[in-house]
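Raw contents of final_11.csv, CSV, C-alpha atoms and all ligand atoms:
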```
chain,number,residue,atom,x,y,z
A,1,MET,CA,26.5,-16.3,-6.4
A,2,ASN,CA,26.4,-18.1,-3.1
A,3,VAL,CA,23.4,-16.6,-1.2
A,4,VAL,CA,22.1,-17.0,2.3
A,5,PHE,CA,18.4,-16.1,1.8
A,6,CYS,CA,15.9,-15.5,4.6
A,7,GLY,CA,12.3,-15.1,3.4
A,8,ALA,CA,12.3,-16.9,0.0
A,9,THR,CA,9.1,-18.9,0.7
A,10,LYS,CA,6.6,-16.2,-0.3
A,11,GLY,CA,6.0,-12.9,-2.0
A,12,ILE,CA,8.9,-10.6,-2.8
A,13,GLY,CA,11.5,-13.0,-1.5
A,14,ARG,CA,10.2,-15.9,-3.6
A,15,ALA,CA,10.2,-13.8,-6.8
A,16,VAL,CA,13.7,-12.5,-6.1
A,17,ALA,CA,15.1,-15.9,-5.2
A,18,ARG,CA,13.5,-17.4,-8.4
A,19,HIS,CA,15.1,-14.6,-10.5
A,20,MET,CA,18.5,-15.5,-8.9
A,21,ALA,CA,17.9,-19.2,-9.4
A,22,GLN,CA,17.4,-18.7,-13.2
A,23,ARG,CA,21.1,-17.7,-13.5
A,24,GLY,CA,22.3,-20.6,-11.4
A,25,ASP,CA,22.8,-19.1,-8.0
A,26,ARG,CA,23.3,-21.4,-5.0
A,27,PHE,CA,21.3,-20.9,-1.8
A,28,ALA,CA,21.2,-21.7,1.9
A,29,LEU,CA,17.5,-21.1,2.6
A,30,LEU,CA,16.5,-19.7,6.1
A,31,GLY,CA,13.0,-19.5,7.4
A,32,ARG,CA,10.6,-20.6,10.1
A,33,ASP,CA,9.2,-23.7,8.5
A,34,VAL,CA,11.7,-26.3,7.2
A,35,ASP,CA,9.0,-28.1,5.1
A,36,ASP,CA,8.1,-24.8,3.4
A,37,LEU,CA,11.8,-24.2,2.8
A,38,LYS,CA,12.2,-27.6,1.2
A,39,ARG,CA,9.3,-26.9,-1.1
A,40,SER,CA,10.9,-23.5,-2.0
A,41,GLY,CA,14.2,-25.3,-2.5
A,42,SER,CA,12.7,-27.8,-5.0
A,43,ASP,CA,11.1,-24.9,-6.9
A,44,LEU,CA,14.4,-23.0,-7.0
A,45,GLU,CA,16.2,-26.1,-8.3
A,46,ALA,CA,13.6,-26.5,-11.0
A,47,MET,CA,14.3,-22.9,-12.0
A,48,GLY,CA,18.1,-23.6,-12.4
A,49,GLY,CA,19.4,-22.8,-8.9
A,50,SER,CA,20.9,-25.1,-6.4
A,51,VAL,CA,20.1,-25.4,-2.6
A,52,ALA,CA,22.9,-26.4,-0.3
A,53,SER,CA,20.8,-26.4,2.8
A,54,THR,CA,17.4,-25.5,4.3
A,55,ILE,CA,17.7,-24.1,7.9
A,56,ARG,CA,15.2,-23.1,10.5
A,57,CYS,CA,15.6,-19.4,11.4
A,58,ASP,CA,12.6,-17.7,13.0
A,59,LEU,CA,12.9,-13.9,13.4
A,60,MET,CA,10.7,-14.2,16.4
A,61,ASP,CA,13.2,-16.5,18.0
A,62,LEU,CA,16.4,-14.6,18.7
A,63,ALA,CA,18.3,-17.8,19.7
A,64,SER,CA,17.6,-19.4,16.3
A,65,ILE,CA,19.5,-16.8,14.3
A,66,ALA,CA,23.2,-17.3,15.0
A,67,PRO,CA,23.1,-21.1,14.7
A,68,ALA,CA,21.2,-20.7,11.4
A,69,LEU,CA,23.9,-18.4,10.0
A,70,ASP,CA,26.6,-20.8,11.2
A,71,GLU,CA,24.9,-23.7,9.5
A,72,ALA,CA,24.4,-21.6,6.3
A,73,TRP,CA,28.1,-20.6,6.2
A,74,ALA,CA,29.1,-24.2,6.7
A,75,ALA,CA,26.9,-25.4,3.9
A,76,LEU,CA,27.9,-22.8,1.3
A,77,GLU,CA,31.6,-22.4,2.5
A,78,LYS,CA,31.9,-19.1,0.6
A,79,VAL,CA,29.0,-16.6,1.0
A,80,ASP,CA,28.7,-13.7,-1.5
A,81,ALA,CA,25.4,-12.2,-0.3
A,82,VAL,CA,22.9,-12.4,2.5
A,83,VAL,CA,19.4,-11.4,1.4
A,84,VAL,CA,16.7,-10.7,4.0
A,85,THR,CA,13.1,-10.3,2.6
A,86,ALA,CA,11.4,-11.8,5.7
A,87,GLY,CA,9.1,-9.4,7.4
A,88,LEU,CA,5.7,-8.9,9.1
A,89,PHE,CA,2.9,-6.4,8.4
A,90,ASP,CA,-0.7,-5.8,9.5
A,91,LEU,CA,-3.2,-3.0,9.1
A,92,HIS,CA,-2.5,0.0,11.3
A,93,GLU,CA,-5.8,-0.2,13.1
A,94,THR,CA,-5.0,-3.8,14.0
A,95,LEU,CA,-1.6,-2.9,15.3
A,96,GLU,CA,-3.1,-0.1,17.4
A,97,SER,CA,-5.5,-2.5,19.1
A,98,ASP,CA,-3.4,-5.7,19.3
A,99,SER,CA,-0.4,-5.0,21.4
A,100,ALA,CA,1.0,-8.5,21.1
A,101,LEU,CA,0.9,-8.4,17.3
A,102,ARG,CA,2.4,-4.9,17.4
A,103,ASP,CA,5.3,-6.2,19.5
A,104,ARG,CA,5.8,-9.0,17.0
A,105,VAL,CA,5.9,-6.6,14.0
A,106,LEU,CA,8.4,-4.4,15.8
A,107,THR,CA,10.5,-7.4,16.8
A,108,VAL,CA,10.6,-9.1,13.4
A,109,ASP,CA,10.9,-6.0,11.2
A,110,PHE,CA,13.4,-4.1,13.4
A,111,THR,CA,15.0,-5.7,16.5
A,112,ASN,CA,15.7,-9.2,15.2
A,113,THR,CA,16.4,-8.2,11.6
A,114,VAL,CA,19.1,-5.8,13.0
A,115,HIS,CA,20.3,-8.7,15.2
A,116,LEU,CA,20.6,-10.9,12.0
A,117,CYS,CA,22.5,-8.2,10.2
A,118,GLU,CA,24.8,-7.6,13.1
A,119,LEU,CA,25.7,-11.3,12.9
A,120,ALA,CA,25.9,-11.5,9.1
A,121,GLY,CA,28.0,-8.4,8.5
A,122,PRO,CA,31.1,-9.6,10.4
A,123,ARG,CA,30.8,-13.0,8.8
A,124,LEU,CA,30.7,-11.5,5.3
A,125,LEU,CA,33.7,-9.2,6.2
A,126,ALA,CA,35.7,-12.2,7.6
A,127,GLY,CA,35.2,-13.9,4.2
A,128,GLY,CA,36.7,-11.0,2.3
A,129,GLY,CA,33.5,-8.9,1.9
A,130,GLY,CA,30.1,-9.3,0.3
A,131,THR,CA,26.6,-7.9,0.0
A,132,LEU,CA,23.9,-7.6,2.7
A,133,ALA,CA,20.6,-6.8,1.1
A,134,VAL,CA,17.6,-6.2,3.3
A,135,VAL,CA,14.0,-5.1,2.5
A,136,SER,CA,12.8,-2.1,4.4
A,137,SER,CA,9.9,0.0,2.9
A,138,VAL,CA,8.8,3.3,1.6
A,139,ALA,CA,6.6,3.4,4.7
A,140,GLY,CA,9.8,4.3,6.6
A,141,ASP,CA,10.4,7.4,4.6
A,142,ARG,CA,7.9,9.7,6.3
A,143,PRO,CA,5.4,9.1,9.1
A,144,ARG,CA,1.8,8.8,7.8
A,145,LYS,CA,-1.4,8.5,9.8
A,146,THR,CA,-2.4,5.1,8.3
A,147,ILE,CA,0.9,3.2,8.7
A,148,TYR,CA,3.3,4.8,11.2
A,149,LEU,CA,3.7,1.8,13.5
A,150,TYR,CA,4.9,-0.6,10.8
A,151,GLY,CA,6.6,2.5,9.3
A,152,ALA,CA,8.5,3.2,12.5
A,153,ALA,CA,10.0,-0.3,12.4
A,154,LYS,CA,11.0,0.1,8.7
A,155,ALA,CA,12.4,3.6,9.3
A,156,GLY,CA,14.6,2.3,12.1
A,157,LEU,CA,15.7,-0.6,9.9
A,158,GLY,CA,16.5,1.7,7.0
A,159,HIS,CA,18.4,4.1,9.3
A,160,TYR,CA,20.4,1.2,10.6
A,161,LEU,CA,21.2,-0.2,7.1
A,162,GLU,CA,22.4,3.1,5.8
A,163,GLY,CA,24.6,3.6,8.8
A,164,LEU,CA,26.1,0.1,8.5
A,165,ASP,CA,26.8,0.9,4.8
A,166,LEU,CA,28.5,4.2,5.8
A,167,LYS,CA,30.8,2.4,8.3
A,168,TYR,CA,31.7,-0.8,6.5
A,169,ARG,CA,31.5,-0.3,2.7
A,170,GLY,CA,35.2,0.8,2.6
A,171,ASN,CA,36.0,-2.6,4.2
A,172,GLY,CA,34.1,-4.6,1.6
A,173,LEU,CA,30.6,-4.9,3.1
A,174,ARG,CA,28.1,-3.5,0.6
A,175,VAL,CA,24.7,-2.9,2.3
A,176,VAL,CA,21.6,-2.6,0.1
A,177,ASN,CA,18.5,-1.1,1.5
A,178,VAL,CA,15.5,-2.2,-0.7
A,179,LYS,CA,12.5,0.1,-0.4
A,180,PRO,CA,9.4,-1.4,-2.1
A,181,GLY,CA,6.3,0.6,-2.7
A,182,PHE,CA,2.9,-1.3,-2.6
A,183,ILE,CA,3.5,-4.9,-3.9
A,184,LYS,CA,0.6,-7.3,-4.3
A,185,THR,CA,1.5,-10.2,-2.0
A,186,GLY,CA,-0.2,-12.2,0.8
A,187,MET,CA,1.1,-9.5,3.1
A,188,THR,CA,-1.0,-6.8,1.5
A,189,ALA,CA,-4.0,-8.9,0.6
A,190,ASN,CA,-6.2,-7.0,3.0
A,191,ALA,CA,-4.9,-3.5,2.3
A,192,LYS,CA,-6.5,-0.9,0.0
A,193,VAL,CA,-4.6,-1.1,-3.4
A,194,PRO,CA,-3.0,2.4,-4.2
A,195,PRO,CA,-1.8,3.7,-7.5
A,196,PHE,CA,1.5,2.2,-8.8
A,197,ALA,CA,0.8,-1.2,-7.1
A,198,THR,CA,2.6,-4.0,-8.8
A,199,THR,CA,3.7,-7.6,-8.5
A,200,PRO,CA,6.8,-9.2,-6.9
A,201,GLU,CA,7.7,-10.6,-10.3
A,202,ALA,CA,7.8,-7.1,-11.8
A,203,ILE,CA,10.3,-5.8,-9.2
A,204,ALA,CA,12.5,-8.9,-8.8
A,205,PRO,CA,14.9,-7.9,-11.7
A,206,ALA,CA,15.5,-4.4,-10.2
A,207,VAL,CA,16.1,-5.9,-6.8
A,208,VAL,CA,18.6,-8.4,-8.1
A,209,ARG,CA,20.3,-5.7,-10.2
A,210,ALA,CA,20.7,-3.6,-7.0
A,211,ILE,CA,22.2,-6.6,-5.2
A,212,ASP,CA,24.7,-7.2,-8.0
A,213,ARG,CA,25.7,-3.5,-8.2
A,214,GLY,CA,25.6,-3.0,-4.4
A,215,THR,CA,23.3,0.0,-4.7
A,216,SER,CA,23.0,1.4,-1.2
A,217,VAL,CA,19.3,2.5,-1.5
A,218,VAL,CA,16.9,1.3,-4.2
A,219,TYR,CA,13.2,2.1,-4.6
A,220,VAL,CA,11.2,-0.6,-6.4
A,221,PRO,CA,9.5,0.2,-8.7
A,222,PHE,CA,11.5,3.4,-9.4
A,223,VAL,CA,8.4,5.6,-9.4
A,224,TRP,CA,8.2,5.3,-5.6
A,225,ARG,CA,11.4,7.3,-5.4
A,226,LEU,CA,9.5,10.2,-6.9
A,227,VAL,CA,6.3,9.6,-5.0
A,228,MET,CA,8.2,9.6,-1.7
A,229,LEU,CA,10.1,12.7,-2.7
A,230,ALA,CA,6.8,14.4,-3.1
A,231,VAL,CA,5.4,13.0,0.2
A,232,ARG,CA,8.5,14.0,2.1
A,233,SER,CA,8.1,17.6,0.9
A,234,LEU,CA,4.4,18.0,2.1
A,235,PRO,CA,3.9,20.4,4.9
A,236,LYS,CA,2.8,18.9,8.3
A,237,PHE,CA,-0.7,20.5,8.2
A,238,MET,CA,-1.4,18.6,5.0
A,239,MET,CA,0.0,15.3,6.5
A,240,ARG,CA,-2.5,15.8,9.3
A,241,LYS,CA,-5.4,16.2,6.9
A,242,LEU,CA,-4.5,13.4,4.4
A,243,ASN,CA,-5.6,9.9,5.1
A,244,PHE,CA,-3.0,7.8,3.3
A,301,LIG,N1,4.2,-6.2,-0.1
A,301,LIG,C1,4.5,-4.9,0.0
A,301,LIG,O1,3.7,-4.0,-0.4
A,301,LIG,C2,5.7,-4.4,0.8
A,301,LIG,C3,6.0,-3.1,0.7
A,301,LIG,C4,7.1,-2.6,1.3
A,301,LIG,C5,7.9,-3.5,2.0
A,301,LIG,N2,7.6,-4.8,2.1
A,301,LIG,C6,8.5,-5.7,2.9
A,301,LIG,O2,9.0,-6.7,2.0
A,301,LIG,C7,9.3,-7.9,2.7
A,301,LIG,C8,8.6,-9.1,2.0
A,301,LIG,O3,7.2,-8.8,2.1
A,301,LIG,P1,6.1,-9.7,1.2
A,301,LIG,O4,5.1,-8.7,0.7
A,301,LIG,O5,6.8,-10.5,0.2
A,301,LIG,O6,5.4,-10.5,2.3
A,301,LIG,P2,5.0,-12.1,2.4
A,301,LIG,O7,4.5,-12.5,1.1
A,301,LIG,O8,4.0,-12.1,3.5
A,301,LIG,O9,6.3,-12.8,2.8
A,301,LIG,C9,6.9,-12.6,4.0
A,301,LIG,C10,8.1,-13.5,4.2
A,301,LIG,O10,8.6,-13.3,5.5
A,301,LIG,C11,8.7,-14.6,6.1
A,301,LIG,N3,8.6,-14.4,7.6
A,301,LIG,C12,7.6,-13.8,8.3
A,301,LIG,N4,7.8,-13.9,9.6
A,301,LIG,C13,8.9,-14.5,9.8
A,301,LIG,C14,9.7,-14.9,10.9
A,301,LIG,N5,9.2,-14.7,12.1
A,301,LIG,N6,10.8,-15.6,10.7
A,301,LIG,C15,11.3,-15.8,9.5
A,301,LIG,N7,10.6,-15.5,8.3
A,301,LIG,C16,9.5,-14.9,8.5
A,301,LIG,C17,7.6,-15.4,5.6
A,301,LIG,O11,7.9,-16.8,5.8
A,301,LIG,P3,6.7,-17.9,6.0
A,301,LIG,O12,6.6,-18.6,4.7
A,301,LIG,O13,7.2,-18.7,7.1
A,301,LIG,O14,5.4,-17.2,6.3
A,301,LIG,C18,7.7,-15.0,4.1
A,301,LIG,O15,8.7,-15.7,3.5
A,301,LIG,C19,8.8,-7.6,4.1
A,301,LIG,O16,9.9,-7.2,4.9
A,301,LIG,C20,7.8,-6.5,4.0
A,301,LIG,O17,7.7,-5.7,5.2
A,301,LIG,C21,6.5,-5.3,1.5
```
Output the structure of this file as structure tokens.
Amino acid sequence: MNVVFCGATKGIGRAVARHMAQRGDRFALLGRDVDDLKRSGSDLEAMGGSVASTIRCDLMDLASIAPALDEAWAALEKVDAVVVTAGLFDLHETLESDSALRDRVLTVDFTNTVHLCELAGPRLLAGGGGTLAVVSSVAGDRPRKTIYLYGAAKAGLGHYLEGLDLKYRGNGLRVVNVKPGFIKTGMTANAKVPPFATTPEAIAPAVVRAIDRGTSVVYVPFVWRLVMLAVRSLPKFMMRKLNF
């Protein structure tokens, strides 16, 4: 597959890209630091993949997104999939007290990710169709006291992705909304580890399978589908009492 990948430098994105590289996928790597992207590119090539280009794309810098996609398309010529694993998180208390950081999280995780998707979708459709896979979160499934700011951005993103899929799947744009549970990465290093926590490497095969199949919504690992089913069914008075 020819893949435009935003967020392959770390965590979930790194594991997913490495899994794709093992079968020989070809990448245009997008991210905010070109030296980091080059290091990731060498790693992916050592795993069996190839890297056509490494391109600066900062989800905090709206103006960087369209030129990055243009450059990626030019480098790969034919694009089969766009994968977005880039994202920002911080503890809820920090987001409540730091308004600048809160704005950055909302901008990166919602506004500018939607902007990227709005630019990528038509480009995929113009090339005959393809897959747009984006990581949201189980945090978007139901408001919870301890995570509703980040969760609001991910809920908005998930809502958008599922709408985009409804509108354009028939035209050949397959939108994949990836909802991870708690994954041990740099992003969650300061968070309390809940049950069912796992590693990026453990979920990477399921994410790649969902991209290949064009699954519209995928929970990784699968157990989080059941966990969130239970959480969504809890009455509000319990949600007010619970601290999770
Ligand atoms: N870990 C979890 O438990 C969990 C659960 C649910 C959902 N998620 C979501 O999964 C995705 C990946 O998370 P992760 O745990 O793998 O986090 P991570 O290890 O911190 O990796 C985050 C990635 O996002 C990139 N990024 C951050 N800000 C960016 C920006 N402004 N422009 C471009 N790229 C940017 C980082 O690039 P740099 O190398 O430049 O920093 C890095 O590649 C995120 O969307 C996150 O919200 C994570």
Worksheet item: Using only C-alpha atoms and all ligand atoms, what are the residues with an atom within 8 Å of ligand LIG 301 (chain A), set out as a PyMOL selection string?
Response: chain A and resi 6-14+30-33+36-37+57-61+84-89+108-109+134-139+154+179-188+197+200
Response to the item:
Separating atom CA of A:Val114 from atom CA of A:Arg18, to the nearest tenth of an Å, is a gap of 25.0 Å
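Distances here use all atoms listed in the file; by that measure, the residue among A:Ala15, A:Leu106, A:Val207, A:Leu119 closest to A:Ala63 is A:Leu119.
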Worksheet item: Within 10 Å of (20.1, -9.5, 17.3), all atoms listed in the file: residues as a ChimeraX atom specification?
Response: /A:59,61-63,65-66,107,110-119
Item to complete: Quick one: pull the distance between atom CA of A:Ala72 and atom CA of A:Leu29, Å, one decimal.
Response: 7.8 Å
Fill in: Residues near A:Pro205, cut-off 12 Å, all atoms listed in the file, skip fewer than 6 positions along chain, as number ranges by chain
A: 12-13, 15-23, 199, 211-212, 220-221
